[in-house]
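Source file: upload07.cif. Holds: mmCIF, C-alpha atoms.
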data_input
#
loop_
_atom_site.label_atom_id
_atom_site.label_comp_id
_atom_site.auth_asym_id
_atom_site.auth_seq_id
_atom_site.Cartn_x
_atom_site.Cartn_y
_atom_site.Cartn_z
CA MET A 292 -1.02 59.90 38.90
CA THR A 293 -1.30 61.49 42.29
CA ALA A 294 -0.27 59.79 45.49
CA PRO A 295 -3.17 57.90 47.06
CA ASP A 296 -4.97 59.73 49.83
CA PRO A 297 -3.79 58.65 53.26
CA LEU A 298 -6.26 56.57 55.27
CA ASP A 299 -8.52 58.53 57.61
CA VAL A 300 -8.26 57.26 61.16
CA LEU A 301 -10.60 57.78 64.12
CA ILE A 302 -9.09 57.20 67.57
CA VAL A 303 -11.48 55.93 70.25
CA GLU A 304 -9.64 55.92 73.58
CA ASP A 305 -10.57 57.36 76.96
CA GLU A 306 -7.00 57.78 78.22
CA VAL A 307 -5.92 61.08 76.70
CA LEU A 308 -2.20 60.36 76.90
CA LEU A 309 -2.62 57.04 75.12
CA ALA A 310 -4.73 58.81 72.49
CA GLU A 311 -2.02 61.45 72.09
CA GLU A 312 0.64 58.79 71.66
CA LEU A 313 -1.53 56.81 69.26
CA ALA A 314 -2.16 59.92 67.18
CA PHE A 315 1.58 60.38 66.87
CA LEU A 316 2.04 56.79 65.70
CA VAL A 317 -0.81 57.21 63.20
CA ARG A 318 0.87 60.28 61.73
CA GLU A 319 4.23 58.56 61.68
CA ALA A 320 2.74 55.65 59.77
CA GLY A 321 1.62 58.12 57.11
CA LEU A 322 -2.07 57.97 57.99
CA ARG A 323 -4.34 60.92 58.83
CA GLU A 324 -5.99 61.30 62.19
CA VAL A 325 -9.45 62.78 61.64
CA GLY A 326 -10.80 62.71 65.18
CA ARG A 327 -10.74 61.42 68.73
CA ALA A 328 -13.56 60.08 70.87
CA MET A 329 -13.59 59.13 74.53
CA SER A 330 -17.05 57.58 74.92
CA SER A 331 -19.04 55.15 72.79
CA ARG A 332 -21.69 57.73 71.92
CA GLU A 333 -19.06 60.22 70.84
CA ALA A 334 -17.32 57.48 68.85
CA VAL A 335 -20.43 56.46 66.90
CA ALA A 336 -21.41 60.07 66.24
CA LEU A 337 -17.93 61.09 65.10
CA ALA A 338 -17.64 58.02 62.91
CA ALA A 339 -20.93 58.88 61.18
CA GLU A 340 -19.80 62.47 60.70
CA LEU A 341 -16.22 61.87 59.58
CA THR A 342 -16.58 58.50 57.79
CA PRO A 343 -13.07 57.30 58.63
CA ASP A 344 -11.50 54.37 56.79
CA LEU A 345 -10.15 52.93 60.02
CA ALA A 346 -11.23 53.26 63.65
CA LEU A 347 -8.90 52.27 66.49
CA VAL A 348 -11.20 51.33 69.35
CA ASP A 349 -10.46 50.59 73.00
CA VAL A 350 -12.97 48.31 74.74
CA HIS A 351 -13.11 50.28 77.99
CA LEU A 352 -14.34 53.79 77.33
CA ARG A 353 -15.49 56.65 79.49
CA ASP A 354 -18.99 55.13 79.69
CA GLY A 355 -17.83 51.62 80.56
CA PRO A 356 -16.95 48.50 78.56
CA THR A 357 -18.87 49.90 75.60
CA GLY A 358 -16.19 49.71 72.92
CA VAL A 359 -17.49 46.43 71.54
CA GLU A 360 -20.97 47.79 70.84
CA ALA A 361 -19.52 51.02 69.48
CA ALA A 362 -17.36 48.98 67.13
CA ARG A 363 -20.38 46.99 65.94
CA LEU A 364 -22.27 50.19 65.13
CA ILE A 365 -19.29 51.81 63.42
CA VAL A 366 -18.84 48.74 61.22
CA GLN A 367 -22.57 48.44 60.41
CA ASP A 368 -23.51 52.07 59.97
CA VAL A 369 -20.36 53.66 58.61
CA GLY A 370 -18.65 50.71 56.97
CA ALA A 371 -15.32 51.64 58.55
CA VAL A 372 -12.77 48.96 59.37
CA VAL A 373 -12.37 48.71 63.12
CA LEU A 374 -9.27 47.57 64.98
CA PHE A 375 -9.55 46.92 68.70
CA MET A 376 -6.73 48.07 70.95
CA THR A 377 -7.40 46.62 74.35
CA ALA A 378 -5.99 44.96 77.45
CA ASN A 379 -9.09 42.73 77.40
CA VAL A 380 -8.35 40.59 74.37
CA ALA A 381 -9.90 37.52 76.00
CA ARG A 382 -13.21 39.30 76.45
CA LEU A 383 -13.84 40.14 72.81
CA PRO A 384 -16.80 38.30 71.27
CA SER A 385 -15.87 35.49 68.91
CA ASP A 386 -17.06 37.52 65.90
CA TYR A 387 -14.98 40.51 67.04
CA ALA A 388 -18.17 42.61 66.65
CA GLY A 389 -17.27 42.90 62.97
CA ALA A 390 -13.83 44.35 63.69
CA CYS A 391 -10.84 43.27 61.61
CA GLY A 392 -8.67 42.35 64.56
CA VAL A 393 -7.01 43.35 67.78
CA ILE A 394 -3.75 44.65 69.20
CA GLY A 395 -3.30 43.70 72.86
CA LYS A 396 -2.26 46.28 75.42
CA PRO A 397 0.33 47.06 76.50
CA TYR A 398 1.47 47.36 72.90
CA SER A 399 4.87 48.47 71.68
CA GLU A 400 5.50 51.32 69.28
CA ARG A 401 6.74 48.79 66.77
CA ALA A 402 3.62 46.61 67.06
CA VAL A 403 1.31 49.55 66.32
CA LYS A 404 3.42 50.89 63.46
CA THR A 405 3.80 47.54 61.70
CA ALA A 406 0.11 46.76 62.22
CA LEU A 407 -0.94 50.11 60.72
CA ALA A 408 1.36 49.63 57.73
CA TYR A 409 -0.01 46.13 57.24
CA LEU A 410 -3.64 47.23 57.48
CA GLU A 411 -3.02 50.05 55.02
CA VAL A 412 -1.94 47.50 52.42
CA CYS A 413 -4.86 45.19 53.28
CA LEU A 414 -7.37 48.02 52.89
CA ARG A 415 -5.83 49.27 49.66
CA ASP A 416 -5.45 45.87 47.97
CA GLY A 417 -8.35 44.06 49.61
CA ARG A 418 -5.96 41.29 50.52
CA ALA A 419 -3.17 40.66 52.97
CA PRO A 420 0.46 40.96 51.82
CA GLY A 421 1.30 38.03 54.10
CA PRO A 422 0.61 36.81 57.59
CA PRO A 423 -0.13 39.59 60.09
CA PRO A 424 2.86 41.07 61.95
CA LEU A 425 3.58 40.03 65.52
CA GLY A 426 1.18 41.74 67.90
CA LEU A 427 -1.74 41.92 65.49
CA THR A 428 -4.41 39.23 65.55
CA LEU A 429 -6.95 39.23 62.72
CA SER A 430 -10.57 38.25 63.28
CA PRO A 431 -11.71 34.99 61.62
CA ARG A 432 -13.84 36.92 59.12
CA TYR A 433 -11.05 39.23 57.98
CA ARG A 434 -8.53 36.42 57.91
CA GLU A 435 -10.77 34.81 55.30
CA LEU A 436 -11.58 38.08 53.54
CA TRP A 437 -7.90 39.01 53.09
CA ASP A 438 -6.79 35.46 52.58
CA GLY A 439 -5.27 36.02 49.11
CA GLY A 440 -1.78 36.84 50.33
CA LEU A 441 -1.87 34.44 53.23
CA ALA A 442 -2.40 31.40 51.04
CA GLU A 443 0.72 32.23 49.00
CA THR A 444 3.04 32.74 51.90
CA GLY A 445 1.58 29.81 53.80
CA MET B 187 -16.43 16.47 99.11
CA ASN B 188 -14.47 18.13 101.80
CA ASP B 189 -16.15 17.86 105.18
CA GLN B 190 -14.12 20.65 106.74
CA PRO B 191 -16.14 23.81 107.04
CA GLU B 192 -14.62 26.46 104.77
CA ALA B 193 -14.21 29.81 106.41
CA GLY B 194 -16.13 32.59 104.76
CA LEU B 195 -18.10 30.39 102.40
CA PRO B 196 -21.85 30.41 102.86
CA GLY B 197 -23.35 26.95 103.12
CA PRO B 198 -25.76 24.72 105.01
CA GLU B 199 -25.09 24.17 108.70
CA SER B 200 -23.79 20.63 108.46
CA GLY B 201 -23.58 17.50 106.35
CA ALA B 202 -23.77 18.61 102.72
CA GLY B 203 -21.09 20.76 101.04
CA PRO B 204 -21.28 24.51 100.60
CA ASP B 205 -24.11 25.97 98.55
CA ALA B 206 -23.11 25.56 94.91
CA GLY B 207 -24.85 28.70 93.73
CA ALA B 208 -23.16 30.87 96.33
CA LEU B 209 -19.83 29.29 95.49
CA GLU B 210 -20.28 30.04 91.82
CA THR B 211 -21.20 33.63 92.58
CA ALA B 212 -18.14 34.02 94.78
CA LEU B 213 -15.95 32.51 92.09
CA ALA B 214 -17.41 34.75 89.41
CA GLN B 215 -16.77 37.80 91.59
CA LYS B 216 -13.18 36.76 92.21
CA SER B 217 -12.66 36.12 88.53
CA ALA B 218 -14.13 39.50 87.55
CA LEU B 219 -11.92 41.19 90.12
CA LEU B 220 -8.84 39.44 88.76
CA HIS B 221 -9.72 40.54 85.24
CA GLU B 222 -10.23 44.09 86.41
CA ILE B 223 -6.82 44.17 88.09
CA ASP B 224 -5.16 42.56 85.09
CA HIS B 225 -6.78 45.15 82.87
CA ARG B 226 -5.65 48.03 85.09
CA VAL B 227 -2.07 46.79 85.30
CA LYS B 228 -1.86 46.52 81.53
CA ASN B 229 -3.41 49.92 80.97
CA ASN B 230 -1.14 51.56 83.52
CA LEU B 231 1.95 50.00 81.97
CA GLN B 232 0.77 51.37 78.64
CA LEU B 233 0.35 54.76 80.27
CA ILE B 234 3.90 54.68 81.69
CA ALA B 235 5.30 53.76 78.27
CA SER B 236 3.33 56.54 76.59
CA LEU B 237 4.52 59.10 79.13
CA ILE B 238 8.16 58.20 78.51
CA LEU B 239 7.67 58.27 74.74
CA LEU B 240 5.90 61.62 74.77
CA GLN B 241 8.64 63.06 76.98
CA SER B 242 11.43 61.72 74.79
CA ARG B 243 9.88 63.33 71.70
CA ARG B 244 10.06 66.70 73.40
CA THR B 245 13.67 66.22 74.48
CA ALA B 246 16.28 67.87 72.29
CA ASP B 247 19.45 66.70 74.05
CA PRO B 248 20.58 63.48 72.31
CA ALA B 249 22.06 61.96 75.49
CA ALA B 250 18.88 62.58 77.47
CA ARG B 251 16.83 61.20 74.61
CA ALA B 252 18.92 58.06 74.44
CA ALA B 253 18.56 57.56 78.20
CA LEU B 254 14.77 57.91 77.99
CA LYS B 255 14.71 55.44 75.14
CA THR B 256 16.66 52.91 77.17
CA VAL B 257 14.25 53.35 80.08
CA LEU B 258 11.35 52.93 77.69
CA GLU B 259 12.80 49.67 76.38
CA ARG B 260 13.07 48.34 79.93
CA VAL B 261 9.52 49.34 80.75
CA ALA B 262 8.37 47.85 77.43
CA ALA B 263 10.06 44.56 78.28
CA VAL B 264 8.12 44.39 81.55
CA ALA B 265 4.95 45.45 79.72
CA THR B 266 5.44 42.66 77.20
CA VAL B 267 5.67 40.22 80.09
CA HIS B 268 2.30 41.40 81.37
CA ARG B 269 0.69 41.26 77.98
CA ARG B 270 1.77 37.65 77.66
CA LEU B 271 1.12 36.63 81.26
CA PHE B 272 -2.65 36.36 81.23
CA GLN B 273 -2.89 35.07 77.69
CA ASN B 274 -2.70 31.41 78.60
CA ASP B 275 -1.76 30.09 81.98
CA PRO B 276 -1.49 33.03 84.37
CA LEU B 277 1.07 31.20 86.51
CA SER B 278 3.63 30.32 83.87
CA PHE B 279 5.37 32.29 81.19
CA ASP B 280 6.59 31.14 77.79
CA VAL B 281 10.11 32.47 77.32
CA ALA B 282 10.36 31.63 73.62
CA ASP B 283 7.24 33.61 72.69
CA PHE B 284 8.51 36.51 74.73
CA ILE B 285 11.93 36.52 73.05
CA ARG B 286 10.28 36.49 69.63
CA ASP B 287 8.23 39.57 70.58
CA LEU B 288 11.15 41.37 72.13
CA THR B 289 13.49 40.75 69.20
CA GLY B 290 11.14 42.52 66.83
CA ASP B 291 10.72 45.45 69.20
CA LEU B 292 14.45 45.91 69.83
CA ALA B 293 15.49 45.67 66.19
CA ALA B 294 12.79 48.18 65.21
CA SER B 295 13.67 50.49 68.10
CA ALA B 296 17.33 50.48 67.05
CA GLY B 297 16.31 51.09 63.43
CA ARG B 298 18.48 48.19 62.32
CA ASP B 299 16.91 46.13 59.58
CA ASP B 300 20.40 45.19 58.33
CA LEU B 301 20.99 42.80 61.21
CA GLU B 302 20.20 39.15 60.92
CA ILE B 303 18.74 37.82 64.14
CA ALA B 304 18.64 34.04 64.19
CA LEU B 305 16.34 32.50 66.76
CA ASP B 306 16.62 28.89 67.85
CA LEU B 307 14.18 28.61 70.69
CA ASP B 308 12.78 25.68 72.59
CA HIS B 309 9.47 26.32 74.27
CA ILE B 310 10.26 26.78 77.93
CA ALA B 311 7.79 27.85 80.57
CA ILE B 312 9.12 29.57 83.66
CA PRO B 313 7.10 30.59 86.72
CA ALA B 314 5.35 33.92 86.32
CA ALA B 315 7.14 35.18 89.44
CA SER B 316 10.49 35.02 87.59
CA ALA B 317 9.21 36.36 84.29
CA ALA B 318 9.98 40.06 84.68
CA ALA B 319 13.52 39.42 85.96
CA PHE B 320 14.26 36.99 83.15
CA ALA B 321 12.71 39.34 80.58
CA LEU B 322 14.89 42.24 81.72
CA VAL B 323 18.02 40.08 81.47
CA VAL B 324 17.12 39.09 77.91
CA ASN B 325 16.31 42.71 77.10
CA GLU B 326 19.72 43.97 78.27
CA LEU B 327 21.77 41.25 76.57
CA LEU B 328 19.87 41.38 73.30
CA GLY B 329 19.78 45.18 73.44
CA ASN B 330 23.57 45.31 73.92
CA ALA B 331 24.08 43.13 70.86
CA VAL B 332 21.66 45.07 68.67
CA LYS B 333 22.81 48.54 69.81
CA HIS B 334 26.52 48.20 70.51
CA ALA B 335 27.96 45.30 68.54
CA PHE B 336 27.56 46.84 65.12
CA PRO B 337 28.53 50.42 64.28
CA PRO B 338 26.26 52.00 61.67
CA GLY B 339 26.85 50.42 58.29
CA ARG B 340 28.33 47.22 59.67
CA ARG B 341 26.10 44.27 58.94
CA GLY B 342 26.00 41.43 61.37
CA ARG B 343 24.33 38.47 62.90
CA VAL B 344 22.95 37.90 66.35
CA SER B 345 22.01 34.40 67.37
CA VAL B 346 19.72 33.61 70.24
CA ARG B 347 19.47 30.06 71.54
CA LEU B 348 17.18 28.85 74.25
CA SER B 349 17.27 25.26 75.37
CA ASN B 350 16.16 23.14 78.26
CA GLY B 351 17.90 20.13 79.73
CA ASP B 352 18.99 18.62 83.04
CA GLY B 353 16.69 20.99 84.89
CA LEU B 354 18.50 24.00 83.45
CA CYS B 355 17.20 26.71 81.17
CA ARG B 356 20.11 27.77 79.00
CA LEU B 357 20.09 31.04 77.06
CA THR B 358 22.91 32.04 74.72
CA ILE B 359 23.05 35.36 72.91
CA ALA B 360 26.02 35.71 70.58
CA ASP B 361 26.94 38.35 68.01
CA ASP B 362 29.77 38.71 65.48
CA GLY B 363 30.28 42.40 66.10
CA VAL B 364 33.06 44.55 67.54
CA GLY B 365 33.36 42.79 70.91
CA LEU B 366 33.62 44.29 74.38
CA GLY B 367 36.81 46.17 73.46
CA GLY B 368 37.90 46.54 77.07
CA GLN B 369 35.09 48.98 77.80
CA PRO B 370 33.88 49.09 81.39
CA PRO B 371 30.55 47.35 81.80
CA GLY B 372 27.59 49.71 81.70
CA PHE B 373 24.47 49.89 83.80
CA GLY B 374 22.82 47.29 81.55
CA LEU B 375 25.30 44.62 82.60
CA THR B 376 24.87 45.62 86.24
CA ILE B 377 21.16 44.93 85.83
CA VAL B 378 22.00 41.56 84.26
CA LYS B 379 24.32 40.65 87.15
CA LEU B 380 21.87 41.66 89.87
CA LEU B 381 18.89 39.94 88.30
CA GLY B 382 21.08 36.92 87.60
CA GLN B 383 21.63 36.63 91.36
CA GLN B 384 17.91 36.95 91.97
CA LEU B 385 17.25 34.13 89.49
CA HIS B 386 20.07 32.00 90.97
CA ALA B 387 21.49 32.03 87.46
CA ASP B 388 25.01 31.55 86.18
CA VAL B 389 25.75 34.56 83.95
CA GLN B 390 28.78 34.86 81.66
CA VAL B 391 29.45 37.72 79.27
CA GLU B 392 32.70 37.33 77.36
CA ASP B 393 34.61 38.33 74.26
CA ALA B 394 34.12 35.55 71.74
CA GLN B 395 36.35 36.89 68.93
CA PRO B 396 34.53 37.88 66.98
CA GLY B 397 31.85 39.53 69.01
CA VAL B 398 30.37 38.93 72.39
CA ARG B 399 28.85 35.78 73.78
CA ALA B 400 26.51 35.92 76.74
CA THR B 401 25.31 32.80 78.48
CA VAL B 402 22.65 32.64 81.16
CA ILE B 403 21.92 29.34 82.86
CA VAL B 404 18.91 29.34 85.15
CA PRO B 405 18.06 26.35 87.32
CA MET B 406 14.40 25.59 86.65
CA THR B 407 13.90 24.39 90.21
CA ALA B 408 15.32 27.37 92.03
CA VAL B 409 12.32 29.57 91.65
CA PRO B 410 12.79 32.74 93.62
CA LYS B 411 10.45 32.36 96.54
CA PRO B 412 8.77 35.28 98.22
CA ASP B 413 11.31 35.18 101.08
CA ARG B 414 10.80 37.52 103.96
CA ALA B 415 14.50 37.96 104.53
CA SER B 416 17.27 37.70 101.97
CA PRO B 417 20.69 36.51 103.02
#

Please lay out the structure from this file as structure tokens.
Amino acid sequence: MTAPDPLDVLIVEDEVLLAEELAFLVREAGLREVGRAMSSREAVALAAELTPDLALVDVHLRDGPTGVEAARLIVQDVGAVVLFMTANVARLPSDYAGACGVIGKPYSERAVKTALAYLEVCLRDGRAPGPPPLGLTLSPRYRELWDGGLAETG
Amino acid sequence: MNDQPEAGLPGPESGAGPDAGALETALAQKSALLHEIDHRVKNNLQLIASLILLQSRRTADPAARAALKTVLERVAAVATVHRRLFQNDPLSFDVADFIRDLTGDLAASAGRDDLEIALDLDHIAIPAASAAAFALVVNELLGNAVKHAFPPGRRGRVSVRLSNGDGLCRLTIADDGVGLGGQPPGFGLTIVKLLGQQLHADVQVEDAQPGVRATVIVPMTAVPKPDRASP
């Protein structure tokens, strides 16, 4: 048995310092950063090229509040799991554009790390190991999809 | 309907109220503006936190690193306030939810998963204007317990109680660690004292044998007003 491949992560964030910091947290969580995008077009193109397992997507990008549409395309066309990271949690559509959930900004180091660890298990097992950690809100669809673990823990 | 003409609002000359469509447009613009500012504040706080973190990772000196980390925790406490502020009612702030968030952050930041942190929290809403001051007080007291009460290897328990009664918000943070040990109070406790004054709070930090017990009692009525002159 070999160790499972780390998850490939695409970072979609137009603030370079936040992207830099996020990349560090991704590495620290044992995941692999495969690319960074700053605009929605770049994000969709990179996602198609790199086929990441997970895309971390800000709502406000270089070309405006285009993160939601970018997320929808990445989910539909690439099949990646998308996690929003935004200060605009209230403005997400009710279906989360197909994304698995959201972390509200400003987030803490701990919130991102625990969320990434949690999502890694969810993606690997296809079910949640328990309720999501503080700071991570799952979309209704993914809450249902990963419900296995949630039902046990209550 | 209010008969007084409202300054700055477009409307018919007399009689009927202001034009409803124009009012709605004005309201929508205000609301969009508020969201934009909220969004920028949150993003900028995130930026400040990231800058401090990136700097601390490039700092070799342990003392400098520790100082940056402490600054980061204070900034993060204020950032957490802002994240929570606009979630529900923008004018009030739920202290219990905040403490729950902060506890996780502080324990993780200290790398102490061997501490039991018992929370017994009533839901108390304080005015948004006091939120950052209160949050920083909680951050210092809880941070002191998590970071200084238990030397590495020593397990322990920190209990946090928040209750409301007789118009007073009462916060108690107690640990069963090493106690104050006659050490001079650090900058953290200075922050607590100063902000306690700002909140018109009664603050006590004492040796409880074992450990330290900190009590903060804030009158819910004495909301710090935007005074022009302080006494």

- Task: May I ask you to extract the residues of chain B within 8 Å of chain A, using all atoms listed in the file, and to give them as a VMD selection string?
- Result: chain B and resid 225 228 to 229 231 to 233 236 to 237 239 to 240 262 265 to 266 268 to 269 273 287 290 to 291 294 to 295

Among A:Val373, A:Leu383, A:Cys413, A:Leu429, A:Ala346 is approached most closely, using all atoms listed in the file, by A:Val373

Counting only C-alpha atoms, closest pick from A:Arg415, A:Tyr387, A:Val317, A:Pro295 relative to A:Glu360 is A:Tyr387

**Sel. within 10 Å of pt (11.0, 38.9, 86.4), counting all atoms listed in the file, output as number ranges by chain** = B: 263-264, 267, 312-323, 381, 384-385, 410

**Q.** Shell around stretch 354-360 of chain B at 9 Å using all atoms listed in the file, local window under 4 positions removed, as a PyMOL selection string
**A.** chain B and resi 310+312+324+327-328+331+343-350+394+397-407

Output of the above residues as a short mmCIF file (atom, residue, chain, number, x, y, z; two decimals), in the coordinates of the input, restricted to C-alpha atoms:
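What landed in part.cif:
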data_model
loop_
_atom_site.label_atom_id
_atom_site.label_comp_id
_atom_site.auth_asym_id
_atom_site.auth_seq_id
_atom_site.Cartn_x
_atom_site.Cartn_y
_atom_site.Cartn_z
CA ILE B 310 10.26 26.78 77.93
CA ILE B 312 9.12 29.57 83.66
CA VAL B 324 17.12 39.09 77.91
CA LEU B 327 21.77 41.25 76.57
CA LEU B 328 19.87 41.38 73.30
CA ALA B 331 24.08 43.13 70.86
CA ARG B 343 24.33 38.47 62.90
CA VAL B 344 22.95 37.90 66.35
CA SER B 345 22.01 34.40 67.37
CA VAL B 346 19.72 33.61 70.24
CA ARG B 347 19.47 30.06 71.54
CA LEU B 348 17.18 28.85 74.25
CA SER B 349 17.27 25.26 75.37
CA ASN B 350 16.16 23.14 78.26
CA ALA B 394 34.12 35.55 71.74
CA GLY B 397 31.85 39.53 69.01
CA VAL B 398 30.37 38.93 72.39
CA ARG B 399 28.85 35.78 73.78
CA ALA B 400 26.51 35.92 76.74
CA THR B 401 25.31 32.80 78.48
CA VAL B 402 22.65 32.64 81.16
CA ILE B 403 21.92 29.34 82.86
CA VAL B 404 18.91 29.34 85.15
CA PRO B 405 18.06 26.35 87.32
CA MET B 406 14.40 25.59 86.65
CA THR B 407 13.90 24.39 90.21
#

Atom-to-atom span, atom CA of B:Asp283 and atom CA of A:Ala314, Å: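 Going from atom CA of B:Asp283 over to atom CA of A:Ala314, I get 28.5 Å.
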
ask   = Could you state the separation of atom CA of B:Pro396 and atom CA of B:Ala296 in Å, given to one decimal place?
value =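 Here the two named atoms are 21.3 Å from each other.
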
key: Of the listed residues A:Met329, A:Val366, A:Ala336, A:Val348, that which approaches A:Ile394 most closely, counting all atoms listed in the file   =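 When distances to A:Ile394 are compared using all atoms listed in the file, the smallest one comes from A:Val348.
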
Mind checking which residues fall within 10 Å of A:Ala390, counting all atoms listed in the file, ignoring those fewer than 3 positions away in the same chain, and posting them as a ChimeraX atom specification? /A:346-348,359,362-363,365-366,371-375,386-387,393,429-433

Could the residues in this selection be saved with C-alpha atoms as a PDB file, in the coordinates of the input?
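Wrote again-v3.pdb, looks like this:
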ATOM      1  CA  ALA A 346     -11.230  53.260  63.650  1.00  0.00           C
ATOM      2  CA  LEU A 347      -8.900  52.270  66.490  1.00  0.00           C
ATOM      3  CA  VAL A 348     -11.200  51.330  69.350  1.00  0.00           C
ATOM      4  CA  VAL A 359     -17.490  46.430  71.540  1.00  0.00           C
ATOM      5  CA  ALA A 362     -17.360  48.980  67.130  1.00  0.00           C
ATOM      6  CA  ARG A 363     -20.380  46.990  65.940  1.00  0.00           C
ATOM      7  CA  ILE A 365     -19.290  51.810  63.420  1.00  0.00           C
ATOM      8  CA  VAL A 366     -18.840  48.740  61.220  1.00  0.00           C
ATOM      9  CA  ALA A 371     -15.320  51.640  58.550  1.00  0.00           C
ATOM     10  CA  VAL A 372     -12.770  48.960  59.370  1.00  0.00           C
ATOM     11  CA  VAL A 373     -12.370  48.710  63.120  1.00  0.00           C
ATOM     12  CA  LEU A 374      -9.270  47.570  64.980  1.00  0.00           C
ATOM     13  CA  PHE A 375      -9.550  46.920  68.700  1.00  0.00           C
ATOM     14  CA  ASP A 386     -17.060  37.520  65.900  1.00  0.00           C
ATOM     15  CA  TYR A 387     -14.980  40.510  67.040  1.00  0.00           C
ATOM     16  CA  VAL A 393      -7.010  43.350  67.780  1.00  0.00           C
ATOM     17  CA  LEU A 429      -6.950  39.230  62.720  1.00  0.00           C
ATOM     18  CA  SER A 430     -10.570  38.250  63.280  1.00  0.00           C
ATOM     19  CA  PRO A 431     -11.710  34.990  61.620  1.00  0.00           C
ATOM     20  CA  ARG A 432     -13.840  36.920  59.120  1.00  0.00           C
ATOM     21  CA  TYR A 433     -11.050  39.230  57.980  1.00  0.00           C
TER      22      TYR A 433
END

Fill in: Spatial neighbours of B:Val332, 9 Å, all atoms listed in the file, chain gap at least 6 places, as JSON, numbers by chain
{"B": [292, 293, 296, 298, 301, 344, 361]}

Report, in Å to a single decimal, how far apart atom CA of A:Leu436 and atom CA of A:Pro422 are.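 Atom CA of A:Leu436 lies 12.9 Å from atom CA of A:Pro422.
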
Practice problem: Kindly indicate which residue among A:Val369, A:Leu427, A:Val403, A:Ala334 lies nearest to A:Cys391, using only C-alpha atoms for the distances. | Solution: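 Checking each candidate against A:Cys391, we get A:Leu427 as the closest.
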
Distance query 9 Å from (-13.5, 54.5, 74.9) using only C-alpha atoms, result as a CSV table (one decimal) with C-alpha atoms, in the coordinates of the input:
chain,number,residue,atom,x,y,z
A,302,ILE,CA,-9.1,57.2,67.6
A,303,VAL,CA,-11.5,55.9,70.2
A,304,GLU,CA,-9.6,55.9,73.6
A,305,ASP,CA,-10.6,57.4,77.0
A,306,GLU,CA,-7.0,57.8,78.2
A,328,ALA,CA,-13.6,60.1,70.9
A,329,MET,CA,-13.6,59.1,74.5
A,330,SER,CA,-17.0,57.6,74.9
A,331,SER,CA,-19.0,55.2,72.8
A,333,GLU,CA,-19.1,60.2,70.8
A,334,ALA,CA,-17.3,57.5,68.8
A,348,VAL,CA,-11.2,51.3,69.4
A,349,ASP,CA,-10.5,50.6,73.0
A,350,VAL,CA,-13.0,48.3,74.7
A,351,HIS,CA,-13.1,50.3,78.0
A,352,LEU,CA,-14.3,53.8,77.3
A,353,ARG,CA,-15.5,56.6,79.5
A,354,ASP,CA,-19.0,55.1,79.7
A,355,GLY,CA,-17.8,51.6,80.6
A,356,PRO,CA,-17.0,48.5,78.6
A,357,THR,CA,-18.9,49.9,75.6
A,358,GLY,CA,-16.2,49.7,72.9
A,361,ALA,CA,-19.5,51.0,69.5

Residues at most 9 Å from B:Thr289, counting all atoms listed in the file, excluding those fewer than 6 positions away in the same chain, as an MDAnalysis selection string? chainID B and resid 303 325 328:329

At a cut-off of 12 Å, using only C-alpha atoms, what residues contact B:Ala253? Leave out same-chain residues fewer than 5 positions from it and give the result as a JSON list (two decimals) with C-alpha atoms, in the coordinates of the input.
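Heads up, here's the output in out22.json:
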[["chain", "number", "residue", "atom", "x", "y", "z"],
["B", 238, "ILE", "CA", 8.16, 58.20, 78.51],
["B", 239, "LEU", "CA", 7.67, 58.27, 74.74],
["B", 241, "GLN", "CA", 8.64, 63.06, 76.98],
["B", 242, "SER", "CA", 11.43, 61.72, 74.79],
["B", 245, "THR", "CA", 13.67, 66.22, 74.48],
["B", 247, "ASP", "CA", 19.45, 66.70, 74.05],
["B", 248, "PRO", "CA", 20.58, 63.48, 72.31],
["B", 258, "LEU", "CA", 11.35, 52.93, 77.69],
["B", 259, "GLU", "CA", 12.80, 49.67, 76.38],
["B", 260, "ARG", "CA", 13.07, 48.34, 79.93],
["B", 373, "PHE", "CA", 24.47, 49.89, 83.80],
["B", 374, "GLY", "CA", 22.82, 47.29, 81.55]]
